[in-house]
$ cat run-v2.pdb   # PDB, C-alpha atoms and all ligand atoms
MODEL        1
ATOM      1  CA  MET U   1      59.182 222.834 185.924
ATOM      2  CA  LYS U   2      59.418 219.626 187.483
ATOM      3  CA  ASN U   3      60.987 216.775 186.047
ATOM      4  CA  SER U   4      59.544 214.364 188.201
ATOM      5  CA  PHE U   5      59.305 211.481 186.066
ATOM      6  CA  ARG U   6      61.738 209.619 184.283
ATOM      7  CA  LYS U   7      61.738 209.135 180.776
ATOM      8  CA  LEU U   8      59.278 209.955 178.410
ATOM      9  CA  ILE U   9      55.947 210.457 178.754
ATOM     10  CA  PRO U  10      53.988 208.474 176.846
ATOM     11  CA  VAL U  11      51.581 209.333 174.687
ATOM     12  CA  ALA U  12      49.343 208.117 172.541
ATOM     13  CA  ALA U  13      48.236 208.576 169.359
ATOM     14  CA  ALA U  14      45.392 207.869 167.528
ATOM     15  CA  LEU U  15      45.638 206.704 164.183
ATOM     16  CA  GLY U  16      43.800 208.260 161.628
ATOM     17  CA  PHE U  17      43.997 207.979 158.140
ATOM     18  CA  ALA U  18      42.286 210.145 155.988
ATOM     19  CA  PHE U  19      42.053 210.468 152.512
ATOM     20  CA  ALA U  20      41.068 213.214 150.610
ATOM     21  CA  ALA U  21      37.831 212.304 149.431
ATOM     22  CA  SER U  22      35.080 213.505 151.486
ATOM     23  CA  SER U  23      32.510 211.422 149.854
ATOM     24  CA  ALA U  24      31.826 208.339 151.795
ATOM     25  CA  GLN U  25      32.400 205.203 149.846
ATOM     26  CA  ALA U  26      29.829 202.729 150.956
ATOM     27  CA  PHE U  27      30.971 199.180 151.439
ATOM     28  CA  THR U  28      29.424 195.920 152.559
ATOM     29  CA  LEU U  29      30.634 194.018 155.602
ATOM     30  CA  LEU U  30      30.286 190.258 155.172
ATOM     31  CA  ASN U  31      31.097 186.948 156.826
ATOM     32  CA  GLY U  32      33.232 185.541 154.025
ATOM     33  CA  THR U  33      30.572 183.217 152.649
ATOM     34  CA  GLY U  34      27.992 185.647 151.353
ATOM     35  CA  THR U  35      26.083 186.705 154.432
ATOM     36  CA  ALA U  36      26.025 190.475 154.882
ATOM     37  CA  TYR U  37      26.426 192.056 158.286
ATOM     38  CA  ALA U  38      25.976 195.614 157.078
ATOM     39  CA  THR U  39      25.247 197.272 153.766
ATOM     40  CA  ASP U  40      25.814 200.879 152.764
ATOM     41  CA  ALA U  41      28.418 200.928 155.482
ATOM     42  CA  THR U  42      30.753 203.880 155.828
ATOM     43  CA  ALA U  43      32.624 203.372 159.076
ATOM     44  CA  LEU U  44      33.791 200.789 161.537
ATOM     45  CA  ASP U  45      34.003 201.550 165.219
ATOM     46  CA  TRP U  46      36.610 199.906 167.408
ATOM     47  CA  ASN U  47      35.917 199.293 171.053
ATOM     48  CA  GLU U  48      37.063 201.896 173.541
ATOM     49  CA  THR U  49      38.444 199.020 175.569
ATOM     50  CA  GLY U  50      41.141 198.836 172.928
ATOM     51  CA  SER U  51      44.661 199.349 174.185
ATOM     52  CA  GLY U  52      48.093 200.324 173.001
ATOM     53  CA  VAL U  53      51.599 200.095 174.410
ATOM     54  CA  ALA U  54      54.657 202.266 173.835
ATOM     55  CA  ILE U  55      57.523 199.874 174.414
ATOM     56  CA  GLY U  56      60.559 200.896 176.412
ATOM     57  CA  VAL U  57      59.759 204.566 176.865
ATOM     58  CA  GLY U  58      58.186 204.339 180.296
ATOM     59  CA  PRO U  59      57.396 204.634 182.997
ATOM     60  CA  PHE U  60      55.127 207.589 182.447
ATOM     61  CA  ASP U  61      56.860 210.839 183.330
ATOM     62  CA  SER U  62      54.681 213.903 183.012
ATOM     63  CA  GLY U  63      57.490 216.404 183.329
ATOM     64  CA  LYS U  64      60.203 215.144 181.085
ATOM     65  CA  ALA U  65      60.641 215.826 177.437
ATOM     66  CA  LEU U  66      61.563 213.055 175.098
ATOM     67  CA  ALA U  67      64.734 213.146 173.122
ATOM     68  CA  VAL U  68      64.059 213.921 169.499
ATOM     69  CA  GLY U  69      64.960 210.910 167.421
ATOM     70  CA  THR U  70      64.066 208.384 170.095
ATOM     71  CA  ASN U  71      62.630 205.321 168.373
ATOM     72  CA  PHE U  72      60.180 202.886 169.882
ATOM     73  CA  GLN U  73      57.584 200.338 168.881
ATOM     74  CA  PHE U  74      53.887 200.840 169.478
ATOM     75  CA  LEU U  75      51.378 197.977 169.515
ATOM     76  CA  TYR U  76      47.608 198.221 169.352
ATOM     77  CA  GLN U  77      44.695 195.802 169.638
ATOM     78  CA  ALA U  78      40.906 196.158 169.786
ATOM     79  CA  ASN U  79      37.666 194.485 168.745
ATOM     80  CA  MET U  80      34.943 195.956 166.565
ATOM     81  CA  ASN U  81      31.852 197.073 168.410
ATOM     82  CA  GLY U  82      29.947 198.932 165.776
ATOM     83  CA  VAL U  83      29.422 199.582 162.086
ATOM     84  CA  THR U  84      27.827 202.659 160.589
ATOM     85  CA  GLY U  85      25.421 201.517 157.901
ATOM     86  CA  THR U  86      22.356 199.296 157.493
ATOM     87  CA  GLN U  87      22.866 196.474 159.946
ATOM     88  CA  THR U  88      21.371 193.077 159.184
ATOM     89  CA  ASP U  89      19.866 190.522 161.530
ATOM     90  CA  ALA U  90      23.012 188.476 161.042
ATOM     91  CA  TRP U  91      24.987 191.327 162.596
ATOM     92  CA  LEU U  92      22.575 191.953 165.428
ATOM     93  CA  ASN U  93      22.263 188.282 166.279
ATOM     94  CA  GLY U  94      25.926 187.488 166.089
ATOM     95  CA  ILE U  95      28.278 190.350 166.835
ATOM     96  CA  ASP U  96      30.223 189.808 170.033
ATOM     97  CA  SER U  97      31.259 193.332 170.895
ATOM     98  CA  SER U  98      32.839 192.627 174.252
ATOM     99  CA  ALA U  99      36.527 191.733 174.407
ATOM    100  CA  ASP U 100      36.117 189.707 177.569
ATOM    101  CA  GLY U 101      37.451 186.408 176.287
ATOM    102  CA  ILE U 102      33.981 184.875 176.434
ATOM    103  CA  LYS U 103      32.062 183.992 173.298
ATOM    104  CA  ARG U 104      28.600 185.452 173.055
ATOM    105  CA  ASN U 105      25.894 182.865 173.602
ATOM    106  CA  SER U 106      24.660 182.661 170.040
ATOM    107  CA  PRO U 107      25.176 179.983 167.404
ATOM    108  CA  THR U 108      26.180 182.680 164.954
ATOM    109  CA  ALA U 109      28.529 184.609 167.245
ATOM    110  CA  PHE U 110      31.533 186.263 165.629
ATOM    111  CA  GLU U 111      33.979 189.092 166.126
ATOM    112  CA  PHE U 112      36.177 191.341 164.025
ATOM    113  CA  THR U 113      39.431 192.442 165.614
ATOM    114  CA  ILE U 114      42.225 194.796 164.676
ATOM    115  CA  VAL U 115      45.912 194.795 165.555
ATOM    116  CA  ALA U 116      48.749 197.067 164.543
ATOM    117  CA  LYS U 117      52.461 197.464 165.076
ATOM    118  CA  LEU U 118      54.239 200.722 164.399
ATOM    119  CA  SER U 119      57.831 201.910 164.423
ATOM    120  CA  GLU U 120      57.591 205.421 165.827
ATOM    121  CA  THR U 121      60.066 208.215 166.324
ATOM    122  CA  VAL U 122      59.945 211.390 168.396
ATOM    123  CA  THR U 123      59.882 214.347 166.015
ATOM    124  CA  SER U 124      59.612 217.104 168.621
ATOM    125  CA  SER U 125      59.111 217.354 172.346
ATOM    126  CA  GLY U 126      59.123 219.931 175.078
ATOM    127  CA  VAL U 127      57.870 220.861 178.521
ATOM    128  CA  ILE U 128      55.158 223.459 178.712
ATOM    129  CA  GLY U 129      53.894 224.655 182.042
ATOM    130  CA  GLY U 130      55.669 221.807 183.739
ATOM    131  CA  PHE U 131      54.178 219.106 181.570
ATOM    132  CA  ALA U 132      55.665 217.313 178.677
ATOM    133  CA  THR U 133      54.298 217.196 175.197
ATOM    134  CA  ALA U 134      55.593 215.450 172.131
ATOM    135  CA  ASN U 135      54.905 214.709 168.500
ATOM    136  CA  PHE U 136      55.644 211.429 166.788
ATOM    137  CA  GLY U 137      56.113 210.223 163.287
ATOM    138  CA  LEU U 138      56.698 206.854 161.668
ATOM    139  CA  ASN U 139      59.983 205.334 160.614
ATOM    140  CA  ASN U 140      59.894 204.192 157.032
ATOM    141  CA  THR U 141      61.082 200.667 157.648
ATOM    142  CA  PRO U 142      59.722 197.926 155.375
ATOM    143  CA  GLY U 143      57.496 195.523 157.268
ATOM    144  CA  ALA U 144      57.599 197.522 160.500
ATOM    145  CA  ASN U 145      54.295 199.382 160.180
ATOM    146  CA  LYS U 146      51.383 197.031 159.643
ATOM    147  CA  VAL U 147      47.712 196.939 160.505
ATOM    148  CA  ALA U 148      45.489 193.878 160.162
ATOM    149  CA  ILE U 149      41.825 192.986 160.600
ATOM    150  CA  TYR U 150      40.672 189.483 161.536
ATOM    151  CA  TYR U 151      37.288 187.729 161.487
ATOM    152  CA  ASP U 152      36.737 185.003 164.050
ATOM    153  CA  THR U 153      33.778 182.814 164.986
ATOM    154  CA  LYS U 154      35.559 181.902 168.208
ATOM    155  CA  ALA U 155      34.835 185.449 169.418
ATOM    156  CA  ASN U 156      37.605 185.072 171.967
ATOM    157  CA  ALA U 157      39.284 188.499 172.158
ATOM    158  CA  ASN U 158      40.402 189.327 175.687
ATOM    159  CA  THR U 159      41.686 192.815 176.439
ATOM    160  CA  LYS U 160      43.386 192.066 179.718
ATOM    161  CA  ALA U 161      45.141 188.930 178.510
ATOM    162  CA  GLY U 162      45.942 190.330 175.090
ATOM    163  CA  THR U 163      44.754 187.132 173.411
ATOM    164  CA  GLY U 164      42.312 186.452 170.587
ATOM    165  CA  PHE U 165      43.062 189.605 168.595
ATOM    166  CA  ASP U 166      45.210 188.181 165.788
ATOM    167  CA  ASP U 167      43.586 184.811 165.259
ATOM    168  CA  GLY U 168      40.750 183.568 163.095
ATOM    169  CA  THR U 169      40.802 184.646 159.443
ATOM    170  CA  LEU U 170      43.005 187.499 158.294
ATOM    171  CA  VAL U 171      40.714 189.630 156.118
ATOM    172  CA  ALA U 172      42.879 192.698 155.540
ATOM    173  CA  LEU U 173      46.559 193.534 155.866
ATOM    174  CA  LEU U 174      47.826 197.029 155.128
ATOM    175  CA  THR U 175      50.985 199.064 155.467
ATOM    176  CA  VAL U 176      50.854 202.221 157.535
ATOM    177  CA  VAL U 177      52.806 204.915 155.692
ATOM    178  CA  PRO U 178      54.660 207.913 157.122
ATOM    179  CA  ASP U 179      52.905 210.420 154.915
ATOM    180  CA  GLY U 180      49.708 211.408 156.600
ATOM    181  CA  SER U 181      50.530 209.627 159.813
ATOM    182  CA  LEU U 182      51.284 211.497 162.974
ATOM    183  CA  SER U 183      50.640 211.323 166.671
ATOM    184  CA  GLN U 184      50.866 213.657 169.589
ATOM    185  CA  PHE U 185      50.656 213.314 173.310
ATOM    186  CA  THR U 186      50.548 215.795 176.160
ATOM    187  CA  ALA U 187      50.727 215.208 179.897
ATOM    188  CA  LYS U 188      47.807 216.802 181.710
ATOM    189  CA  SER U 189      48.878 216.159 185.281
ATOM    190  CA  ALA U 190      51.508 214.161 187.065
ATOM    191  CA  THR U 191      49.554 211.004 186.405
ATOM    192  CA  LYS U 192      47.420 211.665 183.352
ATOM    193  CA  GLY U 193      47.860 212.401 179.721
ATOM    194  CA  GLN U 194      45.991 212.500 176.436
ATOM    195  CA  GLY U 195      46.912 212.234 172.833
ATOM    196  CA  SER U 196      45.683 211.384 169.403
ATOM    197  CA  THR U 197      46.900 209.509 166.399
ATOM    198  CA  GLN U 198      46.154 209.700 162.749
ATOM    199  CA  LEU U 199      47.436 206.978 160.517
ATOM    200  CA  GLN U 200      47.175 206.370 156.858
ATOM    201  CA  ALA U 201      47.366 202.825 155.537
ATOM    202  CA  LEU U 202      47.667 201.527 152.005
ATOM    203  CA  ILE U 203      48.020 198.322 150.072
ATOM    204  CA  LYS U 204      51.678 198.843 149.452
ATOM    205  CA  GLU U 205      53.985 196.020 150.401
ATOM    206  CA  PRO U 206      53.974 192.443 149.123
ATOM    207  CA  GLY U 207      51.259 190.510 150.910
ATOM    208  CA  ASP U 208      49.011 193.482 151.603
ATOM    209  CA  PHE U 209      45.368 192.904 150.665
ATOM    210  CA  ILE U 210      41.722 193.432 151.521
ATOM    211  CA  ASN U 211      39.478 190.402 151.067
ATOM    212  CA  PRO U 212      36.243 191.462 149.313
ATOM    213  CA  ALA U 213      34.438 188.471 150.807
ATOM    214  CA  TYR U 214      34.534 190.457 154.083
ATOM    215  CA  LEU U 215      35.001 194.056 152.999
ATOM    216  CA  GLN U 216      33.297 194.412 149.668
ATOM    217  CA  GLY U 217      33.511 197.571 147.668
ATOM    218  CA  VAL U 218      36.878 198.698 148.800
ATOM    219  CA  GLY U 219      38.588 196.805 146.145
ATOM    220  CA  GLU U 220      40.665 197.651 143.191
ATOM    221  CA  MET U 221      41.043 201.251 143.492
ATOM    222  CA  LEU U 222      43.820 202.952 145.060
ATOM    223  CA  PHE U 223      42.686 203.467 148.467
ATOM    224  CA  GLY U 224      43.681 204.620 151.763
ATOM    225  CA  VAL U 225      42.499 203.810 155.138
ATOM    226  CA  GLN U 226      42.407 206.348 157.821
ATOM    227  CA  PHE U 227      42.535 205.560 161.460
ATOM    228  CA  ASP U 228      41.752 208.110 164.084
ATOM    229  CA  SER U 229      42.225 207.369 167.695
ATOM    230  CA  ASN U 230      42.339 208.967 171.057
ATOM    231  CA  LEU U 231      44.913 207.890 173.549
ATOM    232  CA  ASN U 232      44.492 208.157 177.253
ATOM    233  CA  TYR U 233      46.826 207.459 180.145
ATOM    234  CA  PRO U 234      46.311 205.704 182.453
ATOM    235  CA  ALA U 235      44.594 202.904 180.566
ATOM    236  CA  GLY U 236      41.841 202.355 183.124
ATOM    237  CA  SER U 237      39.366 199.774 181.827
ATOM    238  CA  SER U 238      41.760 198.975 178.992
ATOM    239  CA  ALA U 239      44.469 197.755 181.349
ATOM    240  CA  THR U 240      46.364 195.113 179.428
ATOM    241  CA  ASN U 241      49.077 192.674 180.490
ATOM    242  CA  ASN U 242      50.024 191.391 177.051
ATOM    243  CA  PHE U 243      49.646 192.326 173.419
ATOM    244  CA  GLN U 244      48.925 190.174 170.395
ATOM    245  CA  LYS U 245      49.560 186.918 172.217
ATOM    246  CA  GLY U 246      48.924 183.702 170.342
ATOM    247  CA  GLY U 247      47.263 183.790 166.948
ATOM    248  CA  ASP U 248      49.657 184.974 164.263
ATOM    249  CA  GLU U 249      53.088 184.947 165.874
ATOM    250  CA  THR U 250      54.951 185.798 162.699
ATOM    251  CA  LEU U 251      53.380 189.093 161.725
ATOM    252  CA  PHE U 252      52.349 189.955 165.267
ATOM    253  CA  PRO U 253      54.498 188.251 167.903
ATOM    254  CA  GLY U 254      53.077 188.240 171.413
ATOM    255  CA  TYR U 255      54.485 190.812 173.822
ATOM    256  CA  ASN U 256      54.417 190.873 177.632
ATOM    257  CA  VAL U 257      54.171 194.366 179.128
ATOM    258  CA  THR U 258      57.053 195.428 181.418
ATOM    259  CA  ALA U 259      57.601 198.298 183.854
ATOM    260  CA  ASN U 260      59.449 200.219 181.148
ATOM    261  CA  ASP U 261      56.408 200.372 178.894
ATOM    262  CA  ILE U 262      53.443 202.693 178.849
ATOM    263  CA  VAL U 263      49.975 201.250 178.281
ATOM    264  CA  PHE U 264      47.179 203.440 176.959
ATOM    265  CA  LYS U 265      43.458 203.231 176.467
ATOM    266  CA  VAL U 266      42.922 203.626 172.767
ATOM    267  CA  ASP U 267      39.547 204.483 171.320
ATOM    268  CA  GLY U 268      39.475 204.393 167.582
ATOM    269  CA  ALA U 269      37.327 204.234 164.523
ATOM    270  CA  THR U 270      37.837 203.483 160.906
ATOM    271  CA  THR U 271      35.974 204.974 158.102
ATOM    272  CA  LEU U 272      35.963 203.905 154.564
ATOM    273  CA  ASN U 273      35.542 206.824 152.388
ATOM    274  CA  GLY U 274      36.408 207.352 148.876
ATOM    275  CA  SER U 275      35.545 208.195 145.422
ATOM    276  CA  PRO U 276      34.665 205.763 142.726
ATOM    277  CA  VAL U 277      36.789 207.809 140.475
ATOM    278  CA  PRO U 278      40.454 207.475 139.844
ATOM    279  CA  GLU U 279      41.423 209.585 142.672
ATOM    280  CA  PRO U 280      42.363 208.854 146.066
ATOM    281  CA  GLY U 281      40.123 205.985 145.690
ATOM    282  CA  THR U 282      38.514 204.425 148.518
ATOM    283  CA  MET U 283      39.297 205.281 151.938
ATOM    284  CA  MET U 284      38.847 203.510 154.961
ATOM    285  CA  LEU U 285      39.200 204.886 158.247
ATOM    286  CA  LEU U 286      40.189 202.689 160.884
ATOM    287  CA  GLY U 287      40.337 204.050 164.155
ATOM    288  CA  MET U 288      42.993 202.928 166.196
ATOM    289  CA  GLY U 289      44.920 204.473 168.742
ATOM    290  CA  MET U 290      48.442 204.716 168.686
ATOM    291  CA  LEU U 291      50.686 206.330 170.764
ATOM    292  CA  GLY U 292      52.418 209.213 171.650
ATOM    293  CA  LEU U 293      54.965 210.064 173.911
ATOM    294  CA  VAL U 294      56.042 212.709 175.819
ATOM    295  CA  GLY U 295      58.330 215.238 175.727
ATOM    296  CA  ALA U 296      59.077 218.428 176.315
ATOM    297  CA  ARG U 297      60.700 221.317 174.924
ATOM    298  CA  ARG U 298      58.964 223.803 173.185
ATOM    299  CA  ARG U 299      59.628 223.776 169.671
ATOM    300  CA  ALA U 300      57.862 224.557 166.648
ATOM    301  CA  PRO U 301      55.181 222.138 166.251
ATOM    302  CA  LYS U 302      55.585 219.966 163.384
ATOM    303  CA  ALA U 303      53.630 220.893 160.520
TER     304      ALA U 303
HETATM  305 CA    CA O 401      32.976 188.448 174.262
HETATM  306 CA    CA O 402      39.662 186.245 167.942
HETATM  307 CA    CA O 403      50.272 187.093 167.853
ENDMDL
END

$ encode --input "run-v2.pdb" --output "structure tokens"
Amino acid sequence: MKNSFRKLIPVAAALGFAFAASSAQAFTLLNGTGTAYATDATALDWNETGSGVAIGVGPFDSGKALAVGTNFQFLYQANMNGVTGTQTDAWLNGIDSSADGIKRNSPTAFEFTIVAKLSETVTSSGVIGGFATANFGLNNTPGANKVAIYYDTKANANTKAGTGFDDGTLVALLTVVPDGSLSQFTAKSATKGQGSTQLQALIKEPGDFINPAYLQGVGEMLFGVQFDSNLNYPAGSSATNNFQKGGDETLFPGYNVTANDIVFKVDGATTLNGSPVPEPGTMMLLGMGMLGLVGARRRAPKA
């Protein structure tokens, strides 16, 4: 096996949350002042131009396992480009689904964006056939694992610059919990790798909320949000120089990518599912991508 690269391999993860319920819990997506963008909605799709960064574990090394217990932060950002449900004219005439930093030429243009920060840890890693693979979990640190959704009529999200993702109006803030959250990443060649992430988010910590003026029908019940994402390295069209710049600098401080980081293309989706009964409640799936890392050593895969 070759250990050609240096530290970890990155990986990615997708976030997925899933809740038990299999029944889709329909919700309504709104603009905050009563105008519906989609009714009977069941899922939100986040742009494949979304990106994620594993901080301090790069550069990408396809042949080197990661040390179990290695901790690192993962950041994610993307804009919404689709909603599964009955779309209204307000949606069709206004959604700006391109994160190019340029507002769509429409008087009713708007965007929804998502950002997340995660404190990850390597739970297992090994090298198989010369390529590293690794599994990741979340550290249970208060305030360290958050996901947020914003609504913004500036429609200014810019993937490359990493700006415009955490500004506008914060419409949902959730805590990503270790239970039900995991990521994996495997190097496929000396320069490529793929992974996935599943994350579960809840209203758990002080300040967490979902504003029903934007996401109606998710409300009061216990609920969970599931994010599923695919991670790909290299990032290609999701190449990003910065993450979460500007906007909210308290919850999501801006970060400038360095040579010791690994940037991924993250394609995610969120689905709100649930049961109107006192059960797992509503679910939402947000698709995000998270990250993974690399690693190597063959070990029993984590359950
Ligand atoms: Ca745009
Ligand atoms: Ca924005
Ligand atoms: Ca920020």

$ residues_near_ligand --input "run-v2.pdb" --ligand "ligand CA 401 (chain O)" --cutoff "7 Å" --atoms "all atoms listed in the file" --output "PyMOL selection string"
chain U and resi 96-104+155-157

$ resolve_selection --input "run-v2.pdb" --expression "the PyMOL selection byres (((not hetatm)) within 8 of (chain O and resi 403))" --output "VMD selection string"
chain U and resid 163 165 to 167 243 to 254

$ resolve_selection --input "run-v2.pdb" --expression "the PyMOL selection byres (((chain U and resi 44-55) around 6) and not hetatm)" --output "list of chain:residue names"
U:Ala43, U:Gly56, U:Val57, U:Gln73, U:Phe74, U:Leu75, U:Tyr76, U:Gln77, U:Ala78, U:Asn79, U:Met80, U:Asn81, U:Gly82, U:Val83, U:Ser238, U:Asp261, U:Ile262, U:Val263, U:Phe264, U:Lys265, U:Val266, U:Asp267, U:Gly268, U:Ala269, U:Thr270, U:Thr271

$ closest_residue --input "run-v2.pdb" --among "U:Ile210, U:Leu202, U:Ala109, U:Val127" --to "Gln226 (chain U)" --atoms "only C-alpha atoms"
U:Leu202

$ axis_aligned_box --input "run-v2.pdb" --around "region 95-105 of chain U" --padding-each-side "8 Å" --output "AutoDock Vina command-line options"
--center_x 31.7 --center_y 188.1 --center_z 172.2 --size_x 27.6 --size_y 26.5 --size_z 26.7

$ atom_distance --input "run-v2.pdb" --atom1 "CA of Pro107 (chain U)" --atom2 "CA of Ala90 (chain U)"
10.8 Å

$ closest_residue --input "run-v2.pdb" --among "U:Leu170, U:Ala132, U:Ala201, U:Leu30" --to "ligand CA 402 (chain O)" --atoms "only C-alpha atoms and all ligand atoms"
U:Leu170

$ resolve_selection --input "run-v2.pdb" --expression "the PyMOL selection byres (((chain U and resi 241) around 6) and not hetatm)" --output "PyMOL selection string"
chain U and resi 160-161+240+242+257

$ closest_residue --input "run-v2.pdb" --among "U:Val218, U:Ile203, U:Ile149, U:Ala259" --to "ligand CA 402 (chain O)" --atoms "all atoms listed in the file"
U:Ile149

$ atom_distance --input "run-v2.pdb" --atom1 "CA of Tyr151 (chain U)" --atom2 "CA of Gly32 (chain U)"
8.8 Å

$ residues_around --input "run-v2.pdb" --residues "Gly137 (chain U)" --least-positions-apart "4" --cutoff "8 Å" --atoms "only C-alpha atoms" --output "list in words"
Glu120, Thr121, Val122, Thr123, Pro178, Ser181, Leu182 and Ser183 of chain U

$ residues_around --input "run-v2.pdb" --residues "Tyr214 (chain U)" --least-positions-apart "4" --cutoff "10 Å" --atoms "all atoms listed in the file" --output "mmCIF file with C-alpha atoms, in the coordinates of the input"
data_model
loop_
_atom_site.group_PDB
_atom_site.id
_atom_site.type_symbol
_atom_site.label_atom_id
_atom_site.label_comp_id
_atom_site.auth_asym_id
_atom_site.auth_seq_id
_atom_site.Cartn_x
_atom_site.Cartn_y
_atom_site.Cartn_z
ATOM 1 C CA PHE U 27 30.971 199.180 151.439
ATOM 2 C CA THR U 28 29.424 195.920 152.559
ATOM 3 C CA LEU U 29 30.634 194.018 155.602
ATOM 4 C CA LEU U 30 30.286 190.258 155.172
ATOM 5 C CA ASN U 31 31.097 186.948 156.826
ATOM 6 C CA GLY U 32 33.232 185.541 154.025
ATOM 7 C CA THR U 33 30.572 183.217 152.649
ATOM 8 C CA GLY U 34 27.992 185.647 151.353
ATOM 9 C CA THR U 35 26.083 186.705 154.432
ATOM 10 C CA ALA U 36 26.025 190.475 154.882
ATOM 11 C CA TYR U 37 26.426 192.056 158.286
ATOM 12 C CA TYR U 150 40.672 189.483 161.536
ATOM 13 C CA TYR U 151 37.288 187.729 161.487
ATOM 14 C CA LEU U 170 43.005 187.499 158.294
ATOM 15 C CA VAL U 171 40.714 189.630 156.118
ATOM 16 C CA ALA U 172 42.879 192.698 155.540
ATOM 17 C CA ILE U 210 41.722 193.432 151.521
#

$ closest_residue --input "run-v2.pdb" --among "U:Thr186, U:Thr133, U:Thr159, U:Ser62" --to "ligand CA 402 (chain O)" --atoms "all atoms listed in the file"
U:Thr159

$ atom_distance --input "run-v2.pdb" --atom1 "CA of Asp40 (chain U)" --atom2 "CA of Lys154 (chain U)"
26.3 Å

$ closest_residue --input "run-v2.pdb" --among "U:Ala235, U:Gly85, U:Ala41, U:Thr169" --to "ligand CA 402 (chain O)" --atoms "only C-alpha atoms and all ligand atoms"
U:Thr169

$ closest_residue --input "run-v2.pdb" --among "U:Thr153, U:Asn211, U:Ser229, U:Thr39" --to "ligand CA 402 (chain O)" --atoms "all atoms listed in the file"
U:Thr153

$ residues_near_point --input "run-v2.pdb" --point "(53.5, 209.3, 187.4)" --cutoff "6 Å" --atoms "only C-alpha atoms" --output "list in words"
Phe60, Asp61, Ala190 and Thr191 of chain U

$ residues_around --input "run-v2.pdb" --residues "Ala148 (chain U)" --least-positions-apart "2" --cutoff "6 Å" --atoms "only C-alpha atoms" --output "list in words"
Ile114, Val115, Ala172 and Leu173 of chain U

$ residues_around --input "run-v2.pdb" --residues "Asn93 (chain U)" --least-positions-apart "4" --cutoff "8 Å" --atoms "only C-alpha atoms" --output "list of chain:residue names"
U:Asp89, U:Ser106, U:Thr108, U:Ala109
